[in-house]
>>> print(open('protein-v3.txt').read())   # compact mmCIF, N, CA and C atoms
# COMPACT_ATOMS: atom_id res chain seq x y z
N MET A 1 16.39 -24.76 -4.71
CA MET A 1 17.42 -23.84 -4.33
C MET A 1 17.91 -24.18 -2.93
N THR A 2 19.19 -24.27 -2.76
CA THR A 2 19.78 -24.51 -1.45
C THR A 2 20.10 -23.18 -0.80
N PRO A 3 19.61 -22.97 0.43
CA PRO A 3 19.89 -21.70 1.09
C PRO A 3 21.39 -21.52 1.30
N GLY A 4 21.82 -20.27 1.33
CA GLY A 4 23.22 -19.96 1.57
C GLY A 4 23.59 -20.17 3.03
N LYS A 5 24.83 -19.95 3.33
CA LYS A 5 25.33 -20.10 4.69
C LYS A 5 24.73 -19.00 5.57
N LEU A 6 24.28 -19.41 6.75
CA LEU A 6 23.73 -18.44 7.69
C LEU A 6 24.84 -17.66 8.36
N ARG A 7 24.60 -16.38 8.55
CA ARG A 7 25.50 -15.53 9.32
C ARG A 7 24.65 -14.90 10.42
N TYR A 8 25.25 -14.70 11.56
CA TYR A 8 24.53 -14.14 12.69
C TYR A 8 25.16 -12.83 13.11
N ARG A 9 24.31 -11.92 13.56
CA ARG A 9 24.79 -10.73 14.25
C ARG A 9 23.93 -10.60 15.50
N ILE A 10 24.47 -10.01 16.50
CA ILE A 10 23.75 -9.86 17.76
C ILE A 10 23.05 -8.51 17.77
N GLU A 11 21.76 -8.54 18.08
CA GLU A 11 20.98 -7.32 18.18
C GLU A 11 20.47 -7.20 19.60
N ARG A 12 20.68 -6.07 20.22
CA ARG A 12 20.22 -5.85 21.59
C ARG A 12 18.81 -5.30 21.55
N ILE A 13 17.90 -5.95 22.29
CA ILE A 13 16.51 -5.47 22.36
C ILE A 13 16.16 -5.20 23.82
N ARG A 14 15.29 -4.22 24.01
CA ARG A 14 14.80 -3.89 25.34
C ARG A 14 13.29 -4.09 25.34
N LEU A 15 12.81 -4.93 26.24
CA LEU A 15 11.38 -5.21 26.35
C LEU A 15 10.70 -4.11 27.16
N PRO A 16 9.37 -4.01 27.05
CA PRO A 16 8.65 -2.96 27.79
C PRO A 16 8.88 -3.02 29.30
N ASP A 17 9.16 -4.22 29.85
CA ASP A 17 9.39 -4.33 31.29
C ASP A 17 10.82 -3.93 31.69
N GLY A 18 11.63 -3.52 30.71
CA GLY A 18 12.99 -3.08 30.98
C GLY A 18 14.05 -4.15 30.78
N ALA A 19 13.64 -5.40 30.63
CA ALA A 19 14.59 -6.48 30.42
C ALA A 19 15.32 -6.28 29.09
N VAL A 20 16.61 -6.57 29.08
CA VAL A 20 17.43 -6.40 27.89
C VAL A 20 17.95 -7.77 27.48
N TYR A 21 17.84 -8.07 26.19
CA TYR A 21 18.32 -9.34 25.64
C TYR A 21 19.23 -9.06 24.45
N ASP A 22 20.27 -9.85 24.34
CA ASP A 22 21.09 -9.88 23.14
C ASP A 22 20.58 -11.06 22.32
N VAL A 23 20.00 -10.78 21.16
CA VAL A 23 19.34 -11.79 20.35
C VAL A 23 20.14 -12.01 19.07
N PRO A 24 20.48 -13.28 18.77
CA PRO A 24 21.15 -13.53 17.49
C PRO A 24 20.16 -13.37 16.34
N VAL A 25 20.53 -12.61 15.34
CA VAL A 25 19.68 -12.39 14.19
C VAL A 25 20.34 -13.05 12.99
N ARG A 26 19.61 -13.94 12.33
CA ARG A 26 20.16 -14.66 11.19
C ARG A 26 20.17 -13.77 9.96
N ARG A 27 21.22 -13.88 9.20
CA ARG A 27 21.32 -13.20 7.90
C ARG A 27 21.74 -14.24 6.88
N GLU A 28 21.10 -14.25 5.76
CA GLU A 28 21.41 -15.24 4.75
C GLU A 28 21.20 -14.64 3.37
N GLN A 29 22.13 -14.86 2.50
CA GLN A 29 21.96 -14.44 1.12
C GLN A 29 20.93 -15.36 0.47
N GLY A 30 20.03 -14.80 -0.30
CA GLY A 30 19.08 -15.61 -1.05
C GLY A 30 17.82 -15.96 -0.29
N ILE A 31 17.69 -15.56 0.96
CA ILE A 31 16.50 -15.93 1.72
C ILE A 31 15.26 -15.24 1.18
N ASP A 32 15.39 -14.01 0.68
CA ASP A 32 14.24 -13.31 0.09
C ASP A 32 13.73 -14.06 -1.14
N LEU A 33 14.65 -14.57 -1.93
CA LEU A 33 14.26 -15.34 -3.11
C LEU A 33 13.55 -16.62 -2.70
N ARG A 34 14.07 -17.32 -1.71
CA ARG A 34 13.45 -18.56 -1.23
C ARG A 34 12.05 -18.27 -0.70
N LEU A 35 11.92 -17.21 0.07
CA LEU A 35 10.62 -16.82 0.61
C LEU A 35 9.63 -16.55 -0.52
N GLY A 36 10.07 -15.76 -1.49
CA GLY A 36 9.20 -15.43 -2.62
C GLY A 36 8.78 -16.66 -3.41
N LEU A 37 9.72 -17.56 -3.67
CA LEU A 37 9.39 -18.78 -4.41
C LEU A 37 8.40 -19.65 -3.64
N ASP A 38 8.60 -19.76 -2.33
CA ASP A 38 7.69 -20.57 -1.51
C ASP A 38 6.27 -19.99 -1.51
N VAL A 39 6.16 -18.68 -1.38
CA VAL A 39 4.84 -18.05 -1.34
C VAL A 39 4.14 -18.19 -2.69
N VAL A 40 4.86 -17.99 -3.78
CA VAL A 40 4.26 -18.14 -5.12
C VAL A 40 3.83 -19.59 -5.35
N ARG A 41 4.67 -20.55 -4.96
CA ARG A 41 4.32 -21.97 -5.11
C ARG A 41 3.04 -22.28 -4.32
N MET A 42 2.97 -21.80 -3.10
CA MET A 42 1.79 -22.06 -2.27
C MET A 42 0.53 -21.42 -2.88
N ALA A 43 0.66 -20.24 -3.45
CA ALA A 43 -0.49 -19.60 -4.10
C ALA A 43 -0.93 -20.41 -5.31
N ARG A 44 0.01 -20.85 -6.12
CA ARG A 44 -0.33 -21.66 -7.31
C ARG A 44 -1.00 -22.98 -6.94
N ASN A 45 -0.58 -23.56 -5.80
CA ASN A 45 -1.09 -24.86 -5.38
C ASN A 45 -2.32 -24.75 -4.47
N TYR A 46 -2.92 -23.57 -4.39
CA TYR A 46 -4.11 -23.34 -3.57
C TYR A 46 -3.85 -23.67 -2.10
N GLU A 47 -2.64 -23.40 -1.62
CA GLU A 47 -2.28 -23.67 -0.23
C GLU A 47 -2.37 -22.42 0.64
N LEU A 48 -2.70 -21.28 0.05
CA LEU A 48 -2.88 -20.06 0.83
C LEU A 48 -3.82 -19.11 0.13
N ASP A 49 -4.46 -18.28 0.93
CA ASP A 49 -5.28 -17.18 0.42
C ASP A 49 -4.67 -15.84 0.82
N VAL A 50 -3.93 -15.84 1.93
CA VAL A 50 -3.31 -14.63 2.45
C VAL A 50 -1.86 -14.92 2.77
N ALA A 51 -0.97 -14.06 2.34
CA ALA A 51 0.45 -14.15 2.69
C ALA A 51 0.84 -12.90 3.42
N ALA A 52 1.27 -13.03 4.67
CA ALA A 52 1.78 -11.89 5.44
C ALA A 52 3.30 -12.03 5.47
N ILE A 53 3.97 -11.10 4.83
CA ILE A 53 5.43 -11.14 4.72
C ILE A 53 5.99 -10.04 5.61
N PHE A 54 6.79 -10.44 6.60
CA PHE A 54 7.37 -9.50 7.55
C PHE A 54 8.71 -9.02 6.99
N THR A 55 8.70 -7.82 6.43
CA THR A 55 9.92 -7.28 5.83
C THR A 55 9.82 -5.78 5.67
N LYS A 56 10.98 -5.12 5.68
CA LYS A 56 11.06 -3.71 5.30
C LYS A 56 11.72 -3.61 3.93
N ASP A 57 12.06 -4.74 3.38
CA ASP A 57 12.80 -4.83 2.13
C ASP A 57 11.84 -4.86 0.94
N GLN A 58 12.31 -4.42 -0.22
CA GLN A 58 11.51 -4.46 -1.44
C GLN A 58 11.75 -5.74 -2.25
N ASP A 59 12.73 -6.56 -1.85
CA ASP A 59 13.07 -7.74 -2.64
C ASP A 59 11.88 -8.69 -2.89
N PRO A 60 11.04 -8.99 -1.89
CA PRO A 60 9.91 -9.91 -2.15
C PRO A 60 8.77 -9.28 -2.95
N ALA A 61 8.87 -8.01 -3.34
CA ALA A 61 7.78 -7.35 -4.07
C ALA A 61 7.48 -8.05 -5.38
N GLU A 62 8.48 -8.63 -6.01
CA GLU A 62 8.25 -9.36 -7.27
C GLU A 62 7.33 -10.56 -7.04
N ALA A 63 7.47 -11.23 -5.90
CA ALA A 63 6.57 -12.34 -5.57
C ALA A 63 5.14 -11.83 -5.38
N ALA A 64 5.00 -10.65 -4.76
CA ALA A 64 3.67 -10.06 -4.58
C ALA A 64 3.02 -9.78 -5.93
N ARG A 65 3.80 -9.29 -6.89
CA ARG A 65 3.27 -9.05 -8.24
C ARG A 65 2.81 -10.36 -8.87
N GLU A 66 3.59 -11.41 -8.71
CA GLU A 66 3.24 -12.72 -9.28
C GLU A 66 1.95 -13.25 -8.65
N ILE A 67 1.80 -13.07 -7.36
CA ILE A 67 0.59 -13.53 -6.68
C ILE A 67 -0.63 -12.76 -7.17
N ARG A 68 -0.49 -11.46 -7.40
CA ARG A 68 -1.61 -10.69 -7.97
C ARG A 68 -1.97 -11.23 -9.35
N ASP A 69 -0.98 -11.61 -10.14
CA ASP A 69 -1.23 -12.18 -11.47
C ASP A 69 -1.94 -13.52 -11.36
N ILE A 70 -1.53 -14.35 -10.40
CA ILE A 70 -2.20 -15.64 -10.17
C ILE A 70 -3.66 -15.39 -9.82
N ALA A 71 -3.92 -14.42 -8.97
CA ALA A 71 -5.30 -14.10 -8.57
C ALA A 71 -6.11 -13.64 -9.77
N ARG A 72 -5.53 -12.75 -10.57
CA ARG A 72 -6.27 -12.20 -11.72
C ARG A 72 -6.57 -13.28 -12.76
N THR A 73 -5.55 -14.04 -13.15
CA THR A 73 -5.74 -15.04 -14.21
C THR A 73 -6.54 -16.24 -13.74
N GLY A 74 -6.51 -16.52 -12.44
CA GLY A 74 -7.27 -17.66 -11.91
C GLY A 74 -8.60 -17.27 -11.33
N ASP A 75 -8.98 -15.99 -11.47
CA ASP A 75 -10.23 -15.48 -10.93
C ASP A 75 -10.37 -15.88 -9.46
N ARG A 76 -9.31 -15.59 -8.69
CA ARG A 76 -9.25 -15.94 -7.27
C ARG A 76 -9.02 -14.70 -6.44
N TRP A 77 -9.34 -14.81 -5.16
CA TRP A 77 -9.03 -13.77 -4.20
C TRP A 77 -7.78 -14.19 -3.45
N LEU A 78 -6.70 -13.42 -3.60
CA LEU A 78 -5.46 -13.63 -2.86
C LEU A 78 -5.01 -12.28 -2.32
N LYS A 79 -4.46 -12.27 -1.15
CA LYS A 79 -4.04 -11.03 -0.51
C LYS A 79 -2.60 -11.17 -0.05
N VAL A 80 -1.79 -10.14 -0.30
CA VAL A 80 -0.42 -10.08 0.21
C VAL A 80 -0.31 -8.86 1.11
N VAL A 81 0.16 -9.09 2.32
CA VAL A 81 0.31 -8.03 3.31
C VAL A 81 1.78 -7.92 3.67
N SER A 82 2.29 -6.72 3.67
CA SER A 82 3.66 -6.45 4.09
C SER A 82 3.61 -5.92 5.52
N ALA A 83 4.17 -6.68 6.45
CA ALA A 83 4.20 -6.27 7.86
C ALA A 83 5.61 -5.83 8.22
N PHE A 84 5.72 -4.69 8.88
CA PHE A 84 7.04 -4.15 9.18
C PHE A 84 6.96 -3.26 10.42
N PRO A 85 8.08 -3.16 11.16
CA PRO A 85 8.06 -2.31 12.35
C PRO A 85 8.22 -0.84 12.01
N ARG A 86 7.55 -0.02 12.75
CA ARG A 86 7.69 1.44 12.62
C ARG A 86 8.95 1.84 13.39
N GLU A 87 9.86 2.49 12.72
CA GLU A 87 11.12 2.92 13.33
C GLU A 87 11.17 4.44 13.27
N PRO A 88 11.44 5.10 14.38
CA PRO A 88 11.40 6.57 14.40
C PRO A 88 12.42 7.23 13.47
N ASN A 89 13.57 6.63 13.27
CA ASN A 89 14.61 7.27 12.46
C ASN A 89 14.80 6.60 11.11
N SER A 90 13.83 5.82 10.67
CA SER A 90 13.98 5.09 9.41
C SER A 90 13.30 5.81 8.28
N SER A 91 13.94 5.79 7.12
CA SER A 91 13.33 6.40 5.94
C SER A 91 12.59 5.36 5.10
N SER A 92 12.62 4.06 5.51
CA SER A 92 12.01 3.01 4.69
C SER A 92 10.80 2.39 5.36
N ASP A 93 10.07 3.15 6.17
CA ASP A 93 8.87 2.62 6.83
C ASP A 93 7.69 2.67 5.88
N ARG A 94 7.77 1.89 4.82
CA ARG A 94 6.67 1.93 3.85
C ARG A 94 6.23 0.54 3.42
N GLY A 95 6.92 -0.51 3.82
CA GLY A 95 6.54 -1.86 3.41
C GLY A 95 6.80 -2.09 1.93
N MET A 96 6.35 -3.22 1.45
CA MET A 96 6.56 -3.55 0.04
C MET A 96 5.57 -2.81 -0.84
N GLU A 97 6.03 -2.45 -2.01
CA GLU A 97 5.17 -1.77 -2.97
C GLU A 97 4.00 -2.66 -3.37
N ARG A 98 2.87 -2.02 -3.58
CA ARG A 98 1.66 -2.67 -4.07
C ARG A 98 1.19 -3.84 -3.21
N THR A 99 1.35 -3.70 -1.91
CA THR A 99 0.80 -4.67 -0.97
C THR A 99 0.00 -3.88 0.06
N ASP A 100 -0.91 -4.58 0.74
CA ASP A 100 -1.51 -3.96 1.91
C ASP A 100 -0.41 -3.91 2.95
N ARG A 101 -0.43 -2.90 3.79
CA ARG A 101 0.66 -2.73 4.74
C ARG A 101 0.15 -2.78 6.17
N PHE A 102 0.89 -3.48 6.99
CA PHE A 102 0.61 -3.55 8.42
C PHE A 102 1.83 -3.03 9.15
N GLN A 103 1.74 -1.80 9.63
CA GLN A 103 2.85 -1.19 10.33
C GLN A 103 2.65 -1.41 11.82
N MET A 104 3.56 -2.17 12.42
CA MET A 104 3.42 -2.50 13.83
C MET A 104 4.30 -1.59 14.68
N ASP A 105 3.85 -1.38 15.91
CA ASP A 105 4.68 -0.57 16.80
C ASP A 105 5.82 -1.43 17.35
N ARG A 106 6.78 -0.75 17.95
CA ARG A 106 7.99 -1.44 18.41
C ARG A 106 7.67 -2.52 19.45
N GLU A 107 6.74 -2.27 20.36
CA GLU A 107 6.40 -3.25 21.39
C GLU A 107 5.84 -4.53 20.77
N PHE A 108 4.97 -4.38 19.77
CA PHE A 108 4.41 -5.54 19.09
C PHE A 108 5.51 -6.32 18.37
N TYR A 109 6.40 -5.59 17.68
CA TYR A 109 7.50 -6.21 16.97
C TYR A 109 8.39 -6.99 17.93
N ILE A 110 8.77 -6.39 19.05
CA ILE A 110 9.65 -7.04 20.02
C ILE A 110 8.96 -8.27 20.61
N ALA A 111 7.66 -8.19 20.84
CA ALA A 111 6.94 -9.34 21.38
C ALA A 111 6.95 -10.52 20.41
N CYS A 112 7.14 -10.26 19.14
CA CYS A 112 7.17 -11.33 18.13
C CYS A 112 8.54 -11.98 17.99
N LEU A 113 9.58 -11.36 18.55
CA LEU A 113 10.93 -11.90 18.41
C LEU A 113 11.08 -13.18 19.23
N ASP A 114 11.82 -14.12 18.69
CA ASP A 114 12.10 -15.38 19.36
C ASP A 114 13.49 -15.27 19.99
N PRO A 115 13.61 -15.26 21.32
CA PRO A 115 14.91 -15.06 21.95
C PRO A 115 15.80 -16.30 21.95
N ARG A 116 15.31 -17.42 21.45
CA ARG A 116 16.13 -18.65 21.46
C ARG A 116 17.32 -18.52 20.54
N ASN A 117 18.39 -19.15 20.92
CA ASN A 117 19.61 -19.20 20.13
C ASN A 117 19.57 -20.47 19.28
N TYR A 118 19.47 -20.31 17.97
CA TYR A 118 19.38 -21.46 17.06
C TYR A 118 20.73 -21.85 16.48
N ARG A 119 21.78 -21.18 16.90
CA ARG A 119 23.10 -21.51 16.37
C ARG A 119 23.53 -22.88 16.88
N PRO A 120 24.16 -23.68 16.02
CA PRO A 120 24.62 -25.00 16.48
C PRO A 120 25.78 -24.83 17.45
N ASN A 121 25.83 -25.76 18.45
CA ASN A 121 26.94 -25.74 19.38
C ASN A 121 28.22 -26.13 18.66
N ARG A 122 29.29 -25.47 19.02
CA ARG A 122 30.58 -25.79 18.38
C ARG A 122 31.42 -26.64 19.26
>>> encode(input="protein-v3.txt", output="structure tokens")
Amino acid sequence: MTPGKLRYRIERIRLPDGAVYDVPVRREQGIDLRLGLDVVRMARNYELDVAAIFTKDQDPAEAAREIRDIARTGDRWLKVVSAFPREPNSSSDRGMERTDRFQMDREFYIACLDPRNYRPNR
């Protein structure tokens, strides 16, 4: 599968020390599918035991179901963890269905962001 065209939007973040950054956030159609296919392939090929998927979206949940099936039929231990930021005004702070959930606070989430601009120069 060839990934779709990347689109960027600027998201303003404020770090605990008060510094403010405008960070380009990539958006791409089909990236959830690519992520799910990669994780399932790695599970089938014995390339992982644990998959931590950072998302608030339910789209990769189908991959989590497939990984549970691989574990059951192959008599293996595999774990899928859904990691997501806790947002005070969000109604979707629940992670992916049927996964272990790691709810991180905003400071931890911001510390994980990469402030580099990956957009090609024009």
>>> closest_residue(input="protein-v3.txt", among="A:Gln103, A:Val40, A:Val81, A:Ala51", to="Ile67 of chain A", atoms="only N, CA and C atoms")
A:Val40
>>> residues_near_point(input="protein-v3.txt", point="(16.6, -15.0, 30.2)", cutoff="12 Å", atoms="only C-alpha atoms", output="list in words")
Leu15, Ala19, Val20, Tyr21, Asp22, Val23, Asp114, Pro115, Arg116 and Asn117 of chain A
>>> atom_distance(input="protein-v3.txt", atom1="atom N of Met96 of chain A", atom2="atom CA of Asp49 of chain A")
18.2 Å
>>> residues_around(input="protein-v3.txt", residues="Gln58 of chain A", least_positions_apart="4", cutoff="8 Å", atoms="only N, CA and C atoms", output="list in words")
Glu62, Ala63, Gly95, Met96 and Glu97 of chain A
>>> atom_distance(input="protein-v3.txt", atom1="atom N of Gly36 of chain A", atom2="atom C of Ser82 of chain A")
13.7 Å
>>> closest_residue(input="protein-v3.txt", among="A:Val25, A:Leu78, A:Glu87, A:Ala111", to="Glu11 of chain A", atoms="only C-alpha atoms")
A:Val25
>>> closest_residue(input="protein-v3.txt", among="A:Cys112, A:Ile31, A:Ala71, A:Ala83", to="Thr99 of chain A", atoms="only C-alpha atoms")
A:Ala83
>>> atom_distance(input="protein-v3.txt", atom1="atom C of Thr73 of chain A", atom2="atom C of Met42 of chain A")
14.0 Å
>>> closest_residue(input="protein-v3.txt", among="A:Ala52, A:Arg12, A:Arg98, A:Arg34", to="Arg65 of chain A", atoms="all atoms listed in the file")
A:Arg98
>>> closest_residue(input="protein-v3.txt", among="A:Leu33, A:Ala43, A:Val80, A:Leu48", to="Pro60 of chain A", atoms="only N, CA and C atoms")
A:Leu33
>>> closest_residue(input="protein-v3.txt", among="A:Arg14, A:Arg44, A:Arg68, A:Lys79", to="Ile110 of chain A", atoms="only N, CA and C atoms")
A:Arg14
